[in-house]
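Novice: Got a structure for you, written out below as structure tokens; questions coming shortly.
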Protein chains: 4
Amino acid sequence: MMNGMLSFGSDYMEGAHPEILQRLIETNMDQTAGYGLDEYSEAAREKIRKMCRAPHAEIHFLSGGTQVNRIVISALLRPYEGVIAADTGHITVHEAGAIECGGHKVLALPHTDGKLTARAIEECLRTFHEDANRDHMVRPGMVYLSHPTEYGTLYTMDELEVISAICRANRIPLFLDGARLAYALGCPANELTLPAIARLCDAFYIGGTKCGALFGEAVVFPKSDTVPHFFTIVKQSGALLAKGRVLGIQFDMLFTNGLYERGGAHAIAMADRIRAALTEKGYRLASDAPTNQIFLSLTPEQLAHLSAHVAMGFWEKQGDTTVMRIATSWATREEDVERLIALL
Amino acid sequence: MMNGMLSFGSDYMEGAHPEILQRLIETNMDQTAGYGLDEYSEAAREKIRKMCRAPHAEIHFLSGGTQVNRIVISALLRPYEGVIAADTGHITVHEAGAIECGGHKVLALPHTDGKLTARAIEECLRTFHEDANRDHMVRPGMVYLSHPTEYGTLYTMDELEVISAICRANRIPLFLDGARLAYALGCPANELTLPAIARLCDAFYIGGTKCGALFGEAVVFPKSDTVPHFFTIVKQSGALLAKGRVLGIQFDMLFTNGLYERGGAHAIAMADRIRAALTEKGYRLASDAPTNQIFLSLTPEQLAHLSAHVAMGFWEKQGDTTVMRIATSWATREEDVERLIALL
Amino acid sequence: MMNGMLSFGSDYMEGAHPEILQRLIETNMDQTAGYGLDEYSEAAREKIRKMCRAPHAEIHFLSGGTQVNRIVISALLRPYEGVIAADTGHITVHEAGAIECGGHKVLALPHTDGKLTARAIEECLRTFHEDANRDHMVRPGMVYLSHPTEYGTLYTMDELEVISAICRANRIPLFLDGARLAYALGCPANELTLPAIARLCDAFYIGGTKCGALFGEAVVFPKSDTVPHFFTIVKQSGALLAKGRVLGIQFDMLFTNGLYERGGAHAIAMADRIRAALTEKGYRLASDAPTNQIFLSLTPEQLAHLSAHVAMGFWEKQGDTTVMRIATSWATREEDVERLIALL
Amino acid sequence: MMNGMLSFGSDYMEGAHPEILQRLIETNMDQTAGYGLDEYSEAAREKIRKMCRAPHAEIHFLSGGTQVNRIVISALLRPYEGVIAADTGHITVHEAGAIECGGHKVLALPHTDGKLTARAIEECLRTFHEDANRDHMVRPGMVYLSHPTEYGTLYTMDELEVISAICRANRIPLFLDGARLAYALGCPANELTLPAIARLCDAFYIGGTKCGALFGEAVVFPKSDTVPHFFTIVKQSGALLAKGRVLGIQFDMLFTNGLYERGGAHAIAMADRIRAALTEKGYRLASDAPTNQIFLSLTPEQLAHLSAHVAMGFWEKQGDTTVMRIATSWATREEDVERLIALL
């Protein structure tokens, strides 16, 4: 809450799960090796391998989502290749050209509810391979998905199976951006488990920053040595923390006693309660996305009323109505939800 | 201490000043704006501006030294320019080619005790400008110094004044890497104050990672708008933390009640005590560097004896003797120093 | 003609104007300075300055269009900026990601007859500047036009004036790709003279490869020092020919006795004759573009008939009909045009 | 000859072998496919494959040496790798940072007469692999040699065999820059034949620009698919000529009737005659390099005398004496050699 306002503007407004801070204090004066070679980081890796049922997975802890996307995508592509992504994908719009700065074109395809469709991917690949000028064009070299998507939607198991099969048939890697993965895993509608993601993707990351950590993302390559010397690539990119333990300790805690899933489930419960109240009170939802992001179509009057009391995220104008985003998180307080509902 | 061994291997083996962790806990559930636009980050910036007597300074908080070096150097150079650095400089050797990956050559000059000399810089600039082929060569486009250097040595005020004057005469920026700046500021021999650095350099950073923070470096451009849209460059480089407050809070604490200087002074006091004991007991120092790094020339017997009890850093072989590095830090415990001295 | 087939597939199938080859022979054993510092290159530059009425223009000779586009665009943009182009622009589609490889996003806008509209550019700039997240997005940093466009169409004087005014109001450079500029200059419908282009653009190039040279493009910066040390950027990019004279001699000849304009006018005359015959014989043109490219909408029967005798370029399928491209050039033989017309 | 001066300043002052120009004229109005897919380019490739006894070699024609070096080196290295080269190597000094601009560090080793030694390469590799910090450092990822070197010297067969064996043992490619290869092949002292180079190197180029072509270099990968989609990399780098035939025709001629070797042998004969005269007349040679470059140590008087009549290249000052370079080429006229000798 800032200035008496309720704040549902985003899912990265607070610090971290208190258990994480507590653990940072307990371990603070331990002396460890640097650069993620410490025992905490290794313990976190081992827990992630188990949860993903990927005993040979190679795992690196990085600091943020754009950093992961830029480094992983560059590492997986050859210079003449681009990455297929939805035109609403985070890498397409909101990373300030990080992918292009790394040398690669984002091949943006029209989304369906924030998702890439197998059909669109196949069409892109087919069109490329049939084009007589293809050697003068950017080759589609990998596929990038977000789960949940930027629109809060979820891929079904069938959808991921088919997209994965297309990628393997075309020998291009599939990379899943899990910046908000806790809010998929905590959602009853979600079909994609960590083992399924690890089985179907060539790389993915488990988001920490938006899911209860101070900061940090866990990059998982289900097969070891997918990218040789990835450690050095991380170093060269300026993304290797000297005190890598700070990330390792956080992920170790997130995967102890189900903290990650609990945080996700809490956010979904809070979002569901808000969604129910909105529907009940006659508000119109712009999307039926089931995760921690709620998209409201507000009339000018509704907008004026709510904005006076609640910080929300602006999404877009649609004629007279304005779509605003409400986000819950692991940190959302029940009393804030009650106050929001009372305001509706 | 790992496995009963004393550990003096580096200055980034522990977590953070307890005051910092305490502050992270106190502020944990505050809701703030993201990306460093929060009030804690702004408070930290204001304190740094005051300490540097640079009221218009532009300050950005980043995560680590290689990240800062790569981003700042790329941002200050035109494509055909390179950065002058000592051949022992961190960017020259130990950043996995981060500068080159960003497109720029490191113009490595021979060091003197880990330092660049004004004479070497002038010679480099003169040689370039006199070369008839200079338009086919990399232009020296900026100067990079570390203070303290990788050898633990310190630039004098005179040295920095002269180097700064050369840079200004040649219209190329001067950038100072302060990864260990606390260990200069805490050292009686140090002549370079923050206001002096801010006056003489075009960019510098105040190291947090090695100086008491969990992680983080404060990049200071004494003149605002030195690099237009630096915020977006940081974002594009994958170096912008969503929860920028995590960095802001740390630097706010480091510059509250002299925490930064006290941490530095403690490390120097510990190092001085070790240096005195070493000399007294007939060990040979490979360098008279006065900061938190001690370089020992060890005979094979001395090496065998000490290595059995103390984790040190390997520096280099010099014939029969081996140079090892002992580093103290804000976190060094007096009892460990006593135990080390007893072992000598 | 290959294998008895008529060939109208592209405008770069032959060598060069015979006058150019003759001049290469005459000057062959002259000893000159390298890297474009020779007297022939300087003479060519002086002629171009005069024709453009831009006495201070800085002119560099490069080898090909993609090379020019990549180098000029990179040189004009800051790292976080992208280039606005039509979604049909050469840089958007057919340069294998050269612009992205250089670090920059192509901000592709919907075309109108192959052209960017002032309206679309303004909308793009306005949307960007109004977006609260703009500092997390690629900044529109310049505008790229082709004249003639990839669709053979021409900007009017009014259109270029308005686009130029928008760029100047937004302080972003305007760059015109003149790969086929001879076929605009030789076209009665064309309104854009060289002096107008030089007045309204910040950079442009006069195409040689498709307009009568063996290879080569003349990059013109109407204001000198638009890009400091552009010579070194060209060198660094691997685009500086040791025997720069080979380019200089060609452009010197192209701008002697109106060779460039004559080649262009010839191609247009040939294209006009074909267009008239097509219309007369009931063929459908897919576009009324007036330059050296003719786009035919062919029924399956027409396609089968023509393809048996004439090499054309495939453009696209539109349901049952197929759009094919016929290109004329400075080298098109009248007898081939007569044979083509006879075939229709 | 410029201004009555004799000119021996470099080996790229004239145009091309007259046979090449003649062939450009003969083929001028032929209509061919673009981008090097024409029959002339294919004929040239076939001749090169035969001469190299490398029937599966993949061959690409590019425009200049820096372009080749930048593209080939980037294509062969992973992001974290650097290229080992002599500190006198062309890529180290005179390519304006092209390699670094492409993202890679040049690992410059001390030369011996302009050559890399096997010992220096092994030491570099060994030191790297023994360094505990190697994952934070640039990996030596390939070796770059020039033959002849920038000092006009030649590798022996033994030397190349050993260097090749080291590279293969370390699984890093060996790349040979043959910008002046004709002047090795035409030199009696040369031991490296094209088949030997093709057998021992993973990539090399046969220089055209300095060896009788208007411009152009033939890049040879003895094994096909050494770099997948190299064609697209060339396109993306802006190095693909639309009229690739212009390069193909030139190399076709250079390898018809021994034109390439004859040009090389002529240059060596001229250089040998000059060397003999210099020795006879008491001039001191700064090097006994046997190819087309002659390095003279001149007293101030000798320098003043010669400079008044002969354009030479400045090499370096050595105390009182000045080292100047004289270069002969395929184009050097016997009468100019006689005049030079008369001047001595």
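To be explicit about the labels: the chains of the structure tokens are called A, B, and onward in the order shown, and within each one the residues are counted from 1, while ligands get numbers from 1 in the order they are shown.
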So that I can see what lies close to stretch 244-256 of chain A, please list as an MDAnalysis selection string the residues with an atom at most 10 Å from it, counting only C-alpha atoms and leaving out residues fewer than 3 positions away in the same chain.
Specialist: (chainID A and resid 16:17 19:24 27:28 32:48 51 60:63 206:208 211:218 240:241 259:263) or (chainID B and resid 12:16 214:215)
Novice: Which polymer residues have any atom within 7 Å of an atom of B:Lys210, counting only C-alpha atoms, with same-chain residues fewer than 6 positions away left out, as a list of chain:residue names?
Specialist: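 Close residues of B:Lys210: B:Asp11, B:Tyr12, B:Ala179, B:Arg180.
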Novice: For chain C against chain A, which residues fall within 7 Å using only C-alpha atoms, given as a PyMOL selection string?
Specialist: chain C and resi 80+93-97+100-105+136-138
Novice: Write to file, as a short mmCIF file (atom, residue, chain, number, x, y, z; two decimals), in the first residue's frame, the residues of the selection just made, with N, CA and C atoms.
Specialist:
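Below you can see result_12.cif, which holds the result:
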```cif
data_model
loop_
_atom_site.label_atom_id
_atom_site.label_comp_id
_atom_site.auth_asym_id
_atom_site.auth_seq_id
_atom_site.Cartn_x
_atom_site.Cartn_y
_atom_site.Cartn_z
N TYR C 80 20.19 1.22 -28.34
CA TYR C 80 18.82 0.93 -27.93
C TYR C 80 17.80 1.39 -28.98
N VAL C 93 13.21 -8.08 -44.80
CA VAL C 93 12.95 -9.44 -45.27
C VAL C 93 14.17 -10.14 -45.85
N HIS C 94 14.89 -9.46 -46.72
CA HIS C 94 15.81 -10.18 -47.59
C HIS C 94 17.29 -9.90 -47.34
N GLU C 95 17.62 -9.53 -46.12
CA GLU C 95 19.04 -9.33 -45.83
C GLU C 95 19.52 -10.26 -44.72
N ALA C 96 18.81 -11.38 -44.57
CA ALA C 96 19.27 -12.45 -43.68
C ALA C 96 19.55 -11.98 -42.25
N GLY C 97 18.81 -10.95 -41.83
CA GLY C 97 19.00 -10.49 -40.46
C GLY C 97 20.24 -9.64 -40.28
N GLU C 100 19.74 -6.90 -37.58
CA GLU C 100 19.72 -7.46 -36.24
C GLU C 100 21.11 -7.95 -35.86
N CYS C 101 21.81 -8.55 -36.80
CA CYS C 101 23.18 -9.00 -36.53
C CYS C 101 24.04 -7.81 -36.11
N GLY C 102 23.73 -6.65 -36.64
CA GLY C 102 24.43 -5.43 -36.24
C GLY C 102 23.89 -4.86 -34.93
N GLY C 103 22.87 -5.51 -34.36
CA GLY C 103 22.42 -5.13 -33.02
C GLY C 103 21.09 -4.39 -32.94
N HIS C 104 20.41 -4.22 -34.08
CA HIS C 104 19.25 -3.33 -34.07
C HIS C 104 17.98 -4.01 -34.60
N LYS C 105 16.87 -3.66 -33.98
CA LYS C 105 15.58 -4.17 -34.41
C LYS C 105 15.08 -3.38 -35.61
N HIS C 136 11.59 0.67 -21.63
CA HIS C 136 11.84 -0.77 -21.72
C HIS C 136 11.67 -1.27 -23.14
N MET C 137 11.56 -0.35 -24.07
CA MET C 137 11.28 -0.73 -25.45
C MET C 137 12.34 -0.16 -26.40
N VAL C 138 12.34 -0.70 -27.62
CA VAL C 138 13.25 -0.18 -28.64
C VAL C 138 12.77 1.19 -29.08
#
```
Novice: Using atom CA of B:His305 and atom CA of B:Arg333 as the two end points, give the distance in Å to one decimal.
Specialist: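 Between atom CA of B:His305 and atom CA of B:Arg333 the gap is 21.7 Å.
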Novice: Which parts of stretch 149-318 of chain C does DSSP call strand (DSSP E or B) when run on the backbone here, written out as a ChimeraX atom specification?
Specialist: /C:174-178,203-207,217-221,284-285,293-298,310-311,313-318
Novice: Name the residues of stretch 262-310 of chain D that come out as helix (DSSP H, G or I) in a backbone DSSP run; write them as a short mmCIF file (atom, residue, chain, number, x, y, z; two decimals) with N, CA, C and O atoms, in the first residue's frame.
Specialist:
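So out25.cif came out as:
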```cif
data_model
loop_
_atom_site.label_atom_id
_atom_site.label_comp_id
_atom_site.auth_asym_id
_atom_site.auth_seq_id
_atom_site.Cartn_x
_atom_site.Cartn_y
_atom_site.Cartn_z
N ARG D 262 52.21 -17.41 -62.35
CA ARG D 262 53.10 -16.58 -63.15
C ARG D 262 53.21 -15.17 -62.55
O ARG D 262 54.30 -14.59 -62.49
N GLY D 263 52.09 -14.64 -62.13
CA GLY D 263 52.13 -13.32 -61.48
C GLY D 263 53.00 -13.34 -60.25
O GLY D 263 53.81 -12.43 -60.01
N GLY D 264 52.85 -14.40 -59.46
CA GLY D 264 53.66 -14.52 -58.26
C GLY D 264 55.14 -14.63 -58.59
O GLY D 264 55.99 -13.95 -58.00
N ALA D 265 55.46 -15.48 -59.55
CA ALA D 265 56.87 -15.69 -59.90
C ALA D 265 57.50 -14.40 -60.43
O ALA D 265 58.67 -14.09 -60.14
N HIS D 266 56.74 -13.65 -61.21
CA HIS D 266 57.26 -12.38 -61.72
C HIS D 266 57.64 -11.44 -60.57
O HIS D 266 58.72 -10.84 -60.57
N ALA D 267 56.74 -11.33 -59.61
CA ALA D 267 57.00 -10.43 -58.48
C ALA D 267 58.26 -10.86 -57.74
O ALA D 267 59.08 -10.02 -57.33
N ILE D 268 58.44 -12.16 -57.57
CA ILE D 268 59.61 -12.66 -56.84
C ILE D 268 60.89 -12.40 -57.65
O ILE D 268 61.92 -11.96 -57.10
N ALA D 269 60.82 -12.64 -58.95
CA ALA D 269 62.00 -12.38 -59.79
C ALA D 269 62.41 -10.91 -59.68
O ALA D 269 63.59 -10.57 -59.55
N MET D 270 61.42 -10.02 -59.72
CA MET D 270 61.72 -8.59 -59.60
C MET D 270 62.32 -8.27 -58.22
O MET D 270 63.28 -7.52 -58.10
N ALA D 271 61.72 -8.88 -57.19
CA ALA D 271 62.21 -8.61 -55.83
C ALA D 271 63.63 -9.15 -55.67
O ALA D 271 64.49 -8.49 -55.06
N ASP D 272 63.87 -10.32 -56.22
CA ASP D 272 65.21 -10.91 -56.09
C ASP D 272 66.26 -10.03 -56.78
O ASP D 272 67.37 -9.84 -56.27
N ARG D 273 65.88 -9.49 -57.95
CA ARG D 273 66.82 -8.63 -58.65
C ARG D 273 67.15 -7.38 -57.81
O ARG D 273 68.30 -6.99 -57.69
N ILE D 274 66.12 -6.84 -57.18
CA ILE D 274 66.34 -5.66 -56.34
C ILE D 274 67.19 -6.03 -55.11
O ILE D 274 68.13 -5.32 -54.76
N ARG D 275 66.86 -7.16 -54.51
CA ARG D 275 67.63 -7.59 -53.33
C ARG D 275 69.11 -7.76 -53.68
O ARG D 275 69.99 -7.33 -52.92
N ALA D 276 69.36 -8.38 -54.85
CA ALA D 276 70.75 -8.60 -55.25
C ALA D 276 71.47 -7.26 -55.43
O ALA D 276 72.59 -7.06 -54.95
N ALA D 277 70.79 -6.34 -56.06
CA ALA D 277 71.41 -5.03 -56.31
C ALA D 277 71.67 -4.30 -55.00
O ALA D 277 72.72 -3.67 -54.80
N LEU D 278 70.71 -4.40 -54.08
CA LEU D 278 70.88 -3.73 -52.79
C LEU D 278 72.11 -4.26 -52.06
O LEU D 278 72.93 -3.50 -51.55
N THR D 279 72.22 -5.58 -52.03
CA THR D 279 73.35 -6.20 -51.33
C THR D 279 74.65 -5.78 -51.99
O THR D 279 75.61 -5.36 -51.32
N GLU D 280 74.64 -5.86 -53.29
CA GLU D 280 75.84 -5.51 -54.05
C GLU D 280 76.27 -4.07 -53.76
O GLU D 280 77.45 -3.78 -53.63
N PRO D 300 70.13 7.87 -42.52
CA PRO D 300 69.43 9.12 -42.88
C PRO D 300 69.77 9.58 -44.29
O PRO D 300 68.90 10.05 -45.03
N GLU D 301 71.02 9.41 -44.69
CA GLU D 301 71.42 9.87 -46.03
C GLU D 301 70.75 9.02 -47.11
O GLU D 301 70.22 9.52 -48.10
N GLN D 302 70.82 7.68 -46.90
CA GLN D 302 70.19 6.78 -47.87
C GLN D 302 68.70 7.08 -47.98
O GLN D 302 68.13 7.12 -49.07
N LEU D 303 68.09 7.31 -46.83
CA LEU D 303 66.66 7.58 -46.82
C LEU D 303 66.34 8.85 -47.61
O LEU D 303 65.42 8.88 -48.44
N ALA D 304 67.11 9.88 -47.36
CA ALA D 304 66.85 11.15 -48.04
C ALA D 304 67.02 10.98 -49.55
O ALA D 304 66.19 11.44 -50.35
N HIS D 305 68.06 10.29 -49.93
CA HIS D 305 68.33 10.08 -51.36
C HIS D 305 67.20 9.30 -52.03
O HIS D 305 66.61 9.73 -53.03
N LEU D 306 66.89 8.14 -51.44
CA LEU D 306 65.89 7.29 -52.10
C LEU D 306 64.50 7.93 -52.09
O LEU D 306 63.77 7.87 -53.08
N SER D 307 64.14 8.51 -50.94
CA SER D 307 62.79 9.07 -50.84
C SER D 307 62.53 10.16 -51.87
O SER D 307 61.38 10.42 -52.23
#
```
Novice: Compile the contact shell of stretch 159-168 of chain D as a ChimeraX atom specification: residues with an atom at most 12 Å away, counting only C-alpha atoms, same-chain residues fewer than 3 positions apart removed.
Specialist: /D:83-84,115-126,140-147,154-156,171-176,190-193,196-203
Novice: What does the file look like for those residues with N, CA and C atoms, as a CSV table (one decimal), in the first residue's frame?
Specialist:
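Listing of selection-v4.csv after writing:
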```
chain,number,residue,atom,x,y,z
D,83,VAL,N,41.0,-15.9,-30.9
D,83,VAL,CA,41.8,-16.4,-32.0
D,83,VAL,C,43.3,-16.1,-31.7
D,84,ILE,N,44.1,-17.1,-31.7
D,84,ILE,CA,45.5,-17.0,-31.5
D,84,ILE,C,46.1,-16.4,-32.8
D,115,LYS,N,56.3,-14.8,-37.7
D,115,LYS,CA,55.6,-16.0,-37.6
D,115,LYS,C,55.2,-16.4,-36.2
D,116,LEU,N,54.1,-17.1,-36.1
D,116,LEU,CA,53.8,-17.8,-34.8
D,116,LEU,C,54.6,-19.0,-34.7
D,117,THR,N,55.1,-19.4,-33.6
D,117,THR,CA,55.8,-20.6,-33.4
D,117,THR,C,54.9,-21.6,-32.7
D,118,ALA,N,55.2,-22.9,-33.0
D,118,ALA,CA,54.5,-24.0,-32.4
D,118,ALA,C,54.6,-23.9,-30.9
D,119,ARG,N,55.8,-23.5,-30.5
D,119,ARG,CA,56.1,-23.4,-29.0
D,119,ARG,C,55.2,-22.4,-28.4
D,120,ALA,N,55.1,-21.2,-29.0
D,120,ALA,CA,54.3,-20.2,-28.4
D,120,ALA,C,52.8,-20.6,-28.4
D,121,ILE,N,52.3,-21.3,-29.4
D,121,ILE,CA,50.9,-21.7,-29.4
D,121,ILE,C,50.7,-22.8,-28.3
D,122,GLU,N,51.6,-23.7,-28.2
D,122,GLU,CA,51.5,-24.7,-27.2
D,122,GLU,C,51.5,-24.1,-25.8
D,123,GLU,N,52.4,-23.2,-25.6
D,123,GLU,CA,52.5,-22.5,-24.3
D,123,GLU,C,51.2,-21.8,-24.0
D,124,CYS,N,50.6,-21.1,-25.0
D,124,CYS,CA,49.4,-20.4,-24.8
D,124,CYS,C,48.2,-21.4,-24.4
D,125,LEU,N,48.2,-22.5,-25.1
D,125,LEU,CA,47.1,-23.5,-24.8
D,125,LEU,C,47.3,-24.1,-23.4
D,126,ARG,N,48.6,-24.5,-23.2
D,126,ARG,CA,48.9,-25.1,-21.9
D,126,ARG,C,48.6,-24.2,-20.7
D,140,PRO,N,41.3,-20.1,-26.0
D,140,PRO,CA,41.9,-20.1,-27.3
D,140,PRO,C,41.1,-21.0,-28.2
D,141,GLY,N,40.5,-20.5,-29.2
D,141,GLY,CA,39.5,-21.3,-30.0
D,141,GLY,C,40.0,-21.6,-31.4
D,142,MET,N,41.0,-21.0,-31.9
D,142,MET,CA,41.5,-21.3,-33.3
D,142,MET,C,42.9,-20.6,-33.4
D,143,VAL,N,43.6,-20.9,-34.5
D,143,VAL,CA,44.9,-20.3,-34.8
D,143,VAL,C,44.8,-19.7,-36.1
D,144,TYR,N,45.3,-18.4,-36.2
D,144,TYR,CA,45.4,-17.7,-37.4
D,144,TYR,C,46.8,-17.5,-37.8
D,145,LEU,N,47.2,-17.9,-39.0
D,145,LEU,CA,48.5,-17.7,-39.6
D,145,LEU,C,48.4,-16.8,-40.9
D,146,SER,N,49.4,-16.1,-41.2
D,146,SER,CA,49.5,-15.5,-42.6
D,146,SER,C,50.6,-16.1,-43.3
D,147,HIS,N,50.4,-16.4,-44.6
D,147,HIS,CA,51.5,-17.0,-45.4
D,147,HIS,C,51.4,-16.5,-46.8
D,154,LEU,N,58.1,-17.0,-44.7
D,154,LEU,CA,57.3,-18.2,-45.0
D,154,LEU,C,57.4,-19.2,-43.9
D,155,TYR,N,56.3,-19.9,-43.7
D,155,TYR,CA,56.3,-21.1,-42.8
D,155,TYR,C,57.0,-22.2,-43.6
D,156,THR,N,57.7,-23.1,-42.9
D,156,THR,CA,58.2,-24.3,-43.6
D,156,THR,C,57.1,-25.3,-43.5
D,171,ARG,N,41.7,-29.9,-30.9
D,171,ARG,CA,40.4,-29.7,-31.6
D,171,ARG,C,40.0,-28.2,-31.8
D,172,ILE,N,40.9,-27.5,-32.3
D,172,ILE,CA,40.6,-26.1,-32.7
D,172,ILE,C,41.1,-25.9,-34.1
D,173,PRO,N,40.3,-25.2,-34.9
D,173,PRO,CA,40.6,-25.0,-36.3
D,173,PRO,C,41.8,-24.2,-36.6
D,174,LEU,N,42.5,-24.4,-37.7
D,174,LEU,CA,43.6,-23.7,-38.2
D,174,LEU,C,43.2,-22.9,-39.4
D,175,PHE,N,43.5,-21.6,-39.4
D,175,PHE,CA,43.0,-20.8,-40.5
D,175,PHE,C,44.3,-20.0,-41.1
D,176,LEU,N,44.4,-20.1,-42.4
D,176,LEU,CA,45.6,-19.5,-43.0
D,176,LEU,C,45.1,-18.3,-43.9
D,190,ASN,N,59.6,-21.4,-51.0
D,190,ASN,CA,58.3,-21.8,-50.4
D,190,ASN,C,58.1,-23.3,-50.4
D,191,GLU,N,57.7,-23.9,-49.3
D,191,GLU,CA,57.5,-25.3,-49.2
D,191,GLU,C,56.0,-25.7,-49.2
D,192,LEU,N,55.2,-24.7,-49.0
D,192,LEU,CA,53.7,-25.0,-48.8
D,192,LEU,C,52.9,-24.9,-50.1
D,193,THR,N,52.6,-26.1,-50.6
D,193,THR,CA,51.8,-26.1,-51.8
D,193,THR,C,50.3,-26.0,-51.4
D,196,ALA,N,49.0,-29.1,-49.7
D,196,ALA,CA,49.5,-29.2,-48.3
D,196,ALA,C,48.7,-28.3,-47.4
D,197,ILE,N,48.4,-27.1,-47.9
D,197,ILE,CA,47.6,-26.1,-47.1
D,197,ILE,C,46.2,-26.7,-46.9
D,198,ALA,N,45.7,-27.2,-48.0
D,198,ALA,CA,44.3,-27.8,-47.9
D,198,ALA,C,44.3,-29.0,-46.9
D,199,ARG,N,45.3,-29.7,-46.9
D,199,ARG,CA,45.4,-30.9,-46.0
D,199,ARG,C,45.5,-30.5,-44.6
D,200,LEU,N,46.3,-29.4,-44.3
D,200,LEU,CA,46.7,-29.1,-42.9
D,200,LEU,C,45.8,-28.0,-42.3
D,201,CYS,N,45.1,-27.3,-43.1
D,201,CYS,CA,44.3,-26.2,-42.5
D,201,CYS,C,42.8,-26.6,-42.6
D,202,ASP,N,42.0,-25.9,-41.7
D,202,ASP,CA,40.6,-26.1,-41.8
D,202,ASP,C,39.9,-25.0,-42.6
D,203,ALA,N,40.6,-24.0,-42.8
D,203,ALA,CA,40.1,-22.9,-43.7
D,203,ALA,C,41.3,-22.1,-44.1
```
Novice: What's the separation between atom CA of A:Trp315 and atom CA of A:Phe295, in Å to one decimal place?
Specialist: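 The value is 8.0 Å.
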Novice: By how many Å are atom CA of A:Ala239 and atom CA of B:Gly65 apart?
Specialist: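 Spanning atom CA of A:Ala239 to atom CA of B:Gly65 is a straight-line distance of 9.6 Å.
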Novice: Compile the contact shell of B:Ser297 as JSON, numbers by chain: residues with an atom at most 7 Å away, counting only C-alpha atoms, same-chain residues fewer than 5 positions apart removed.
Specialist: {"B": [284, 285, 286, 321, 322, 323, 324]}
Novice: Show which residues sit within 6 Å of D:Arg325, as JSON, numbers by chain. Count only C-alpha atoms, and ignore same-chain residues fewer than 2 positions away.
Specialist: {"D": [294, 295, 312, 313]}
